[in-house]
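J.: I'd like to ask some things about the structure below.
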Amino acid sequence: MSNVAEIFETMEYGPAPEESAYVRDWLKEKSGGFQHYINGEFISGDKSQKIIESRNPATGEKLASFPAAGETEVNAAVTAAKATFPKWSKLSGHERAKYLYTLARLVQKNSRFLSVLETLDNGKPIRETRDIDIPLVARHFYHHAGWAQLQETEFADYEPLGVVGQIIPWNFPLLMLAWKIAPAIAMGNTVVLKPAEYTSLTALYFAELCKEAQIPPGVINIVTGEGETGELIVKHQDIAKIAFTGSTEVGRIIRRQTAGSGKKLSLELGGKSPFIIFEDADLDGAVESLVDAIWFNQGQVCCAGSRLLVEESVAGKVTEKIKKRLSSFRIGDPLDKAIDMGAIVDPVQRDRIQTLVEQGEKEGGEVWSPKIDVPEIGCFYPPTLISNVSPSNVAVREEIFGPVLTSMSFRTLKEAIDLANNTRYGLAATIWSENVNRALEAASMVKTGVVWVNTTNGFDAACGFGGYRESGFGREGGREGIYEYVKLRKEWGGIEKPVPAVEIEEDSGVEGIDQTPKQFIGGKQKRPDWARTMPVAAHDGTYAGRVSFGNRKDIRDAVEAAFKAPGWGATTGHARAQILYFIAENFSKRADEFTKRLQQLTGATKTKARAEVDATVSRLFAYGAWADKYDGLAHSPPSRNVVLAMNEPIGIVATVCPDTVPLLSFVSMWAPAVAMGNRVVVVPSERYPLLATDFYQILETSDVPAGVINIVTGERATLVKTLAEHDQVEAIWHHGPADECKFVEEASADNLKRVWTNHGRARNWFDPRIGEGREFLSHACEVKNIWLPYGD
Ligand code: NAI
């Protein structure tokens, strides 16, 4: 090894390893094996549990072993969490804030230890664990101590959910633990968390910190294990919510397994995030940022900027700069403070990366890696660039989850956005341009939950994080993240019971299809595909009329019509408000007619029917009011950024309406979605479809653009099935009986559409606190967090 003088002379690299002996001593103390942390105690559990070994990916050495929790241990953890919940949730926010604050302080005090342990266990560079992972862990507990403190005033209408099951991945082991545990316990929930099998050690050390912080037993329970343990948590009947971060594949399994259980669910899944460089960008800054985007944490980052899209005029220059930068890359001992890239978490993952790169090459990609030293021992993979790829190349489509960048060029902004959005994921995007207009135009067009402008991979506890499409749903961080761990306190109003069909005494509906109300699709009345109709009974069994008997084709046509009306999302809230007011005005002119119709169909008294009509007018006004008021937030993370949390429409929302209060619920189920810029396909109550078909005549005269509101009547089960399985439907709001909710949730797993169901409960539609407002609006939006440079 060179001495200091020689190093100065040659400026050659000399290793600078972080001290790790004291962490190894701690591991030695645990050489008998770690235990689960249940009810405030370390418990070995059933002797028959499988034992998992944790290895240092940089060397292959065994670090520790721990058991895989089975039914007994998971039950014990859930039971402890359930028993503590009433007490913990009743503590004042301030009391809970103090516990979170203590955890934050302990993380800070132990930050060096935790950084080294994380690096040993995961293989990521100490530079990252020391400067990013662990400081952010502390930041999360501080920030959420604050939310606990403010809970009574800021979330007065909400209450905690109960026992929350949390399953986390291996790429940011302790940080993901903090993302999950901090908001959950801040709001008064208790948790059972399972760390990933490759990286459980910092979670187990954190359990010791929980003991030191005197967190009441049962509030935080940590059980170790593999997928099977995760599955036991997911299926446990006493769990009120599952929060999962990991692969899209497992996310789908969890969606199916929790379907119909009433468990709240948030999924933070994979990504294939674009990194867009426009020709006017600061190219050196952009390339350095690209290094952070894809070679940070060896590219094992769900939001890694893994698809470079660079404007053609500067593509050559950018490639040159990337290659130059990578040629001086240092890859090796993650404990070395001067290393750029550490080890891949496990040989299984490295093999997966290798396979995908080889497939990408077979499909025509040009694979390049710098000629740098890559350690032969340990689990390393060189930084890799694949160029000359088509959008269909597997390396472009699949999440590689490794240090592999694909590169493509574009000529126009539109082409850049088309390429950026050409993915089933939607987690993050990075945009580099010195032109603020262009950068923000692009930011508004990418379909991702996070956008970084002239920066990348920014994370903060105050800012929401989460994806669109198959990147999952729900947000973590900030105020948005808090809503994932609470529910409204209000009583709903019993169980949703479909109104039974009434036998029609005499089907005098001889009128042909021409007189029968048709489907309302693309702004026009449209004959149903089958040209079939169905009779509708009045409340007393007399004949009330006929409606179209829609089928799958009608639903597909309606979705197609909605698809063709994307302009609605770009209209201003002010314009949408005017249209909603206009609908309300036109509807109120026909108040008497609708009152009579309600009386005829439901048997309601005139007073009751009139009250429903009046409430419907008011509801339309309410969403006219909200259309330009449910706007976003601006966050101030502790960096030179401002983060704009923009409420964006989801896209195409299907709404399936209940039979109860059929006029008011019908309007309540689409008006908020439309107010926020979504296009809707509405399936009205099967028992009272005439209210919806009467209503479309109002829509026809109220300046609603074609395709924004589409109404399909028919047999509910068929229509719901088609909607739930339709790939272009991005969200489904479903109000119906419990078994149907289960079906909708299961079917939604394919494209991971957002499902909002009533889980079989009946809503009190008349009460504006239950039947309208923010809860509806939040389900009508995706929050896009746009990070901008801000400050001097
Ligand atoms: P994974 O999704 O299998 O593992 C994540 C966590 O889920 C772990 O704690 C695991 O034990 C648990 N798990 C596995 N199967 C489960 C089940 N059926 N029920 C409940 N919990 C279950 O991810 P894996 O296999 O470690 O990595 C495979 C790929 O997934 C990666 O190459 C990457 O593409 C993606 N991934 C994405 C992550 C992200 O942050 N979005 C994180 C980790 C992996």
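Residue numbering restarts at 1 in every chain; chains get A, B, ... in the order shown in the structure tokens, and ligands count up from 1 in that same order.
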Report as number ranges by chain which protein, DNA and RNA residues come within 7 Å of ligand 1, using only C-alpha atoms and all ligand atoms.
T.: A: 167-171, 194-197, 225-231, 234, 245-250, 253-254, 268-271, 301-302, 349, 399-401
J.: In Å, with one decimal, what is the gap from CA of Gly466 in chain A to CA of Leu290 in chain A?
T.: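 Separating CA of Gly466 in chain A from CA of Leu290 in chain A is a distance of 20.5 Å.
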J.: Let's see if you can do this: from backbone DSSP, list all strand (DSSP E or B) residues in range 111-221 of chain A, as a list in words.
T.: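 Output for range 111-221 of chain A, strand (DSSP E or B) only: Tyr158, Glu159, Pro160, Val163, Val164, Gly165, Gln166, Ile167, Thr190, Val191, Val192, Leu193, Lys194, Ile220 and Asn221 of chain A.
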J.: A:Cys303, A:Tyr99, A:Arg325, A:Arg475: which is nearest Ala243 in chain A, counting only C-alpha atoms?
T.: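 Residue with the minimum atom-to-atom distance to Ala243 in chain A: A:Arg475.
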J.: Tell me, as number ranges by chain, which residues lie within 10 Å of Asn388 in chain A, counting only C-alpha atoms; anything in the same chain fewer than 3 positions away does not count.
T.: A: 361, 364-367, 391, 393, 406-409
J.: Would you save the residues of that selection, restricted to all heavy atoms, as an mmCIF file, in the first residue's frame?
T.:
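Writing the result to selection-v5.cif gives the following:
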```cif
data_model
loop_
_atom_site.group_PDB
_atom_site.id
_atom_site.type_symbol
_atom_site.label_atom_id
_atom_site.label_comp_id
_atom_site.auth_asym_id
_atom_site.auth_seq_id
_atom_site.Cartn_x
_atom_site.Cartn_y
_atom_site.Cartn_z
ATOM 1 N N GLU A 361 -29.273 -7.964 -24.753
ATOM 2 C CA GLU A 361 -28.237 -8.002 -25.800
ATOM 3 C C GLU A 361 -28.715 -8.855 -26.975
ATOM 4 O O GLU A 361 -28.572 -8.473 -28.137
ATOM 5 C CB GLU A 361 -26.947 -8.562 -25.208
ATOM 6 C CG GLU A 361 -25.754 -8.374 -26.132
ATOM 7 C CD GLU A 361 -24.439 -8.652 -25.425
ATOM 8 O OE1 GLU A 361 -24.430 -9.440 -24.457
ATOM 9 O OE2 GLU A 361 -23.413 -8.079 -25.838
ATOM 10 N N GLY A 364 -30.789 -7.201 -29.442
ATOM 11 C CA GLY A 364 -30.187 -6.139 -30.253
ATOM 12 C C GLY A 364 -29.523 -5.017 -29.477
ATOM 13 O O GLY A 364 -28.949 -4.110 -30.075
ATOM 14 N N GLY A 365 -29.608 -5.041 -28.155
ATOM 15 C CA GLY A 365 -28.999 -3.968 -27.355
ATOM 16 C C GLY A 365 -27.477 -4.048 -27.408
ATOM 17 O O GLY A 365 -26.895 -5.131 -27.533
ATOM 18 N N GLU A 366 -26.855 -2.872 -27.359
ATOM 19 C CA GLU A 366 -25.387 -2.799 -27.361
ATOM 20 C C GLU A 366 -24.948 -2.613 -25.913
ATOM 21 O O GLU A 366 -25.216 -1.570 -25.322
ATOM 22 C CB GLU A 366 -24.998 -1.559 -28.141
ATOM 23 C CG GLU A 366 -23.868 -1.729 -29.096
ATOM 24 C CD GLU A 366 -23.794 -0.495 -29.970
ATOM 25 O OE1 GLU A 366 -23.270 0.524 -29.482
ATOM 26 O OE2 GLU A 366 -24.322 -0.548 -31.113
ATOM 27 N N VAL A 367 -24.300 -3.629 -25.382
ATOM 28 C CA VAL A 367 -23.985 -3.596 -23.939
ATOM 29 C C VAL A 367 -22.564 -3.094 -23.734
ATOM 30 O O VAL A 367 -21.613 -3.578 -24.372
ATOM 31 C CB VAL A 367 -24.151 -4.999 -23.324
ATOM 32 C CG1 VAL A 367 -23.768 -5.001 -21.849
ATOM 33 C CG2 VAL A 367 -25.590 -5.495 -23.497
ATOM 34 N N PRO A 391 -38.015 0.252 -27.969
ATOM 35 C CA PRO A 391 -38.899 0.289 -26.792
ATOM 36 C C PRO A 391 -39.358 -1.095 -26.358
ATOM 37 O O PRO A 391 -39.745 -1.288 -25.211
ATOM 38 C CB PRO A 391 -40.091 1.128 -27.268
ATOM 39 C CG PRO A 391 -39.597 1.912 -28.426
ATOM 40 C CD PRO A 391 -38.511 1.096 -29.062
ATOM 41 N N ASN A 393 -37.481 -3.775 -26.282
ATOM 42 C CA ASN A 393 -36.394 -4.578 -25.717
ATOM 43 C C ASN A 393 -36.672 -4.881 -24.249
ATOM 44 O O ASN A 393 -37.099 -4.012 -23.493
ATOM 45 C CB ASN A 393 -35.073 -3.809 -25.857
ATOM 46 C CG ASN A 393 -33.869 -4.653 -25.483
ATOM 47 O OD1 ASN A 393 -33.736 -5.107 -24.348
ATOM 48 N ND2 ASN A 393 -32.999 -4.882 -26.452
ATOM 49 N N THR A 406 -30.510 1.825 -19.705
ATOM 50 C CA THR A 406 -30.731 1.746 -21.154
ATOM 51 C C THR A 406 -30.772 3.174 -21.681
ATOM 52 O O THR A 406 -31.166 4.093 -20.953
ATOM 53 C CB THR A 406 -32.043 1.033 -21.517
ATOM 54 O OG1 THR A 406 -33.136 1.796 -20.979
ATOM 55 C CG2 THR A 406 -32.080 -0.382 -20.967
ATOM 56 N N SER A 407 -30.392 3.332 -22.920
ATOM 57 C CA SER A 407 -30.339 4.687 -23.464
ATOM 58 C C SER A 407 -31.033 4.751 -24.816
ATOM 59 O O SER A 407 -30.793 3.915 -25.694
ATOM 60 C CB SER A 407 -28.869 5.093 -23.587
ATOM 61 O OG SER A 407 -28.758 6.234 -24.384
ATOM 62 N N MET A 408 -31.897 5.747 -24.957
ATOM 63 C CA MET A 408 -32.591 5.980 -26.231
ATOM 64 C C MET A 408 -32.594 7.476 -26.482
ATOM 65 O O MET A 408 -32.470 8.263 -25.534
ATOM 66 C CB MET A 408 -34.053 5.513 -26.143
ATOM 67 C CG MET A 408 -34.192 4.036 -25.879
ATOM 68 S SD MET A 408 -35.891 3.609 -25.469
ATOM 69 C CE MET A 408 -36.541 3.429 -27.088
ATOM 70 N N SER A 409 -32.784 7.867 -27.734
ATOM 71 C CA SER A 409 -32.831 9.302 -27.994
ATOM 72 C C SER A 409 -34.209 9.697 -28.528
ATOM 73 O O SER A 409 -34.997 8.850 -28.940
ATOM 74 C CB SER A 409 -31.733 9.699 -28.968
ATOM 75 O OG SER A 409 -31.967 9.053 -30.190
#
```
J.: Name all residues at most 9 Å from range 110-119 of chain A (count only C-alpha atoms; drop same-chain ones fewer than 2 positions away) and give them as a PyMOL selection string.
T.: chain A and resi 18-20+22-24+56+105-108+121-131+133-135+138+172-174+199+201-202+205-206+334-335+342
J.: Using DSSP on the backbone coordinates, identify all residues within range 712-788 of chain A classified as helix (DSSP H, G or I); present the result as number ranges by chain.
T.: A: 716-725, 738-747, 768-771, 774-779
J.: Could you pull the residues within 7 Å of Val192 in chain A, counting only C-alpha atoms, minus those fewer than 2 positions along the same chain, as a PyMOL selection string?
T.: chain A and resi 77-78+164-166+194+220-222
J.: For range 577-598 of chain A against range 606-621 of chain A, with a cut-off of 8 Å and counting only C-alpha atoms, what is the closest atom pair and its distance in Å to one decimal for every residue that makes the cut, ordered by chain and number, as JSON lines?
T.:
```
{"residue": "A:Leu580", "atom": "CA", "partner": "A:Leu620", "partner_atom": "CA", "distance": 6.1}
{"residue": "A:Tyr581", "atom": "CA", "partner": "A:Phe621", "partner_atom": "CA", "distance": 5.7}
{"residue": "A:Ile583", "atom": "CA", "partner": "A:Leu620", "partner_atom": "CA", "distance": 7.5}
{"residue": "A:Ala584", "atom": "CA", "partner": "A:Val617", "partner_atom": "CA", "distance": 5.4}
{"residue": "A:Glu585", "atom": "CA", "partner": "A:Val617", "partner_atom": "CA", "distance": 7.8}
{"residue": "A:Phe587", "atom": "CA", "partner": "A:Val617", "partner_atom": "CA", "distance": 7.2}
{"residue": "A:Ser588", "atom": "CA", "partner": "A:Val617", "partner_atom": "CA", "distance": 6.4}
{"residue": "A:Ala591", "atom": "CA", "partner": "A:Val613", "partner_atom": "CA", "distance": 6.4}
{"residue": "A:Asp592", "atom": "CA", "partner": "A:Arg610", "partner_atom": "CA", "distance": 7.8}
{"residue": "A:Phe594", "atom": "CA", "partner": "A:Val613", "partner_atom": "CA", "distance": 6.9}
{"residue": "A:Thr595", "atom": "CA", "partner": "A:Ala609", "partner_atom": "CA", "distance": 5.2}
{"residue": "A:Lys596", "atom": "CA", "partner": "A:Lys606", "partner_atom": "CA", "distance": 7.4}
{"residue": "A:Leu598", "atom": "CA", "partner": "A:Ala609", "partner_atom": "CA", "distance": 5.8}
```
J.: Using N, CA, C and O atoms, can you export the residues from the last selection as a compact mmCIF listing (two decimals), in the first residue's frame?
T.:
```txt
# COMPACT_ATOMS: atom_id res chain seq x y z
N LEU A 580 -70.35 21.88 -14.01
CA LEU A 580 -71.10 21.22 -12.92
C LEU A 580 -72.25 22.11 -12.44
O LEU A 580 -73.36 21.64 -12.17
N TYR A 581 -72.01 23.41 -12.34
CA TYR A 581 -73.10 24.32 -11.94
C TYR A 581 -74.21 24.31 -12.99
O TYR A 581 -75.39 24.36 -12.67
N ILE A 583 -74.97 21.84 -15.00
CA ILE A 583 -75.73 20.58 -14.85
C ILE A 583 -76.73 20.76 -13.70
O ILE A 583 -77.91 20.40 -13.82
N ALA A 584 -76.26 21.34 -12.61
CA ALA A 584 -77.13 21.53 -11.44
C ALA A 584 -78.32 22.42 -11.81
O ALA A 584 -79.47 22.13 -11.44
N GLU A 585 -78.04 23.46 -12.56
CA GLU A 585 -79.11 24.38 -12.93
C GLU A 585 -80.14 23.68 -13.82
O GLU A 585 -81.35 23.75 -13.57
N PHE A 587 -80.68 20.54 -14.06
CA PHE A 587 -81.34 19.49 -13.29
C PHE A 587 -82.43 20.10 -12.41
O PHE A 587 -83.55 19.58 -12.33
N SER A 588 -82.10 21.21 -11.77
CA SER A 588 -83.08 21.77 -10.83
C SER A 588 -84.34 22.24 -11.56
O SER A 588 -85.43 22.25 -10.98
N ALA A 591 -86.79 19.48 -11.40
CA ALA A 591 -86.89 18.90 -10.05
C ALA A 591 -88.21 18.16 -9.85
O ALA A 591 -88.25 17.07 -9.27
N ASP A 592 -89.31 18.74 -10.35
CA ASP A 592 -90.62 18.10 -10.13
C ASP A 592 -90.68 16.74 -10.81
O ASP A 592 -91.17 15.76 -10.24
N PHE A 594 -88.20 14.74 -11.59
CA PHE A 594 -87.38 13.75 -10.90
C PHE A 594 -88.02 13.32 -9.57
O PHE A 594 -87.89 12.18 -9.15
N THR A 595 -88.69 14.27 -8.93
CA THR A 595 -89.37 13.92 -7.67
C THR A 595 -90.42 12.85 -7.95
O THR A 595 -90.52 11.84 -7.25
N LYS A 596 -91.16 13.06 -9.00
CA LYS A 596 -92.23 12.10 -9.35
C LYS A 596 -91.61 10.74 -9.71
O LYS A 596 -92.10 9.69 -9.35
N LEU A 598 -88.83 9.49 -8.69
CA LEU A 598 -88.38 8.81 -7.47
C LEU A 598 -89.55 8.18 -6.73
O LEU A 598 -89.47 7.05 -6.25
```
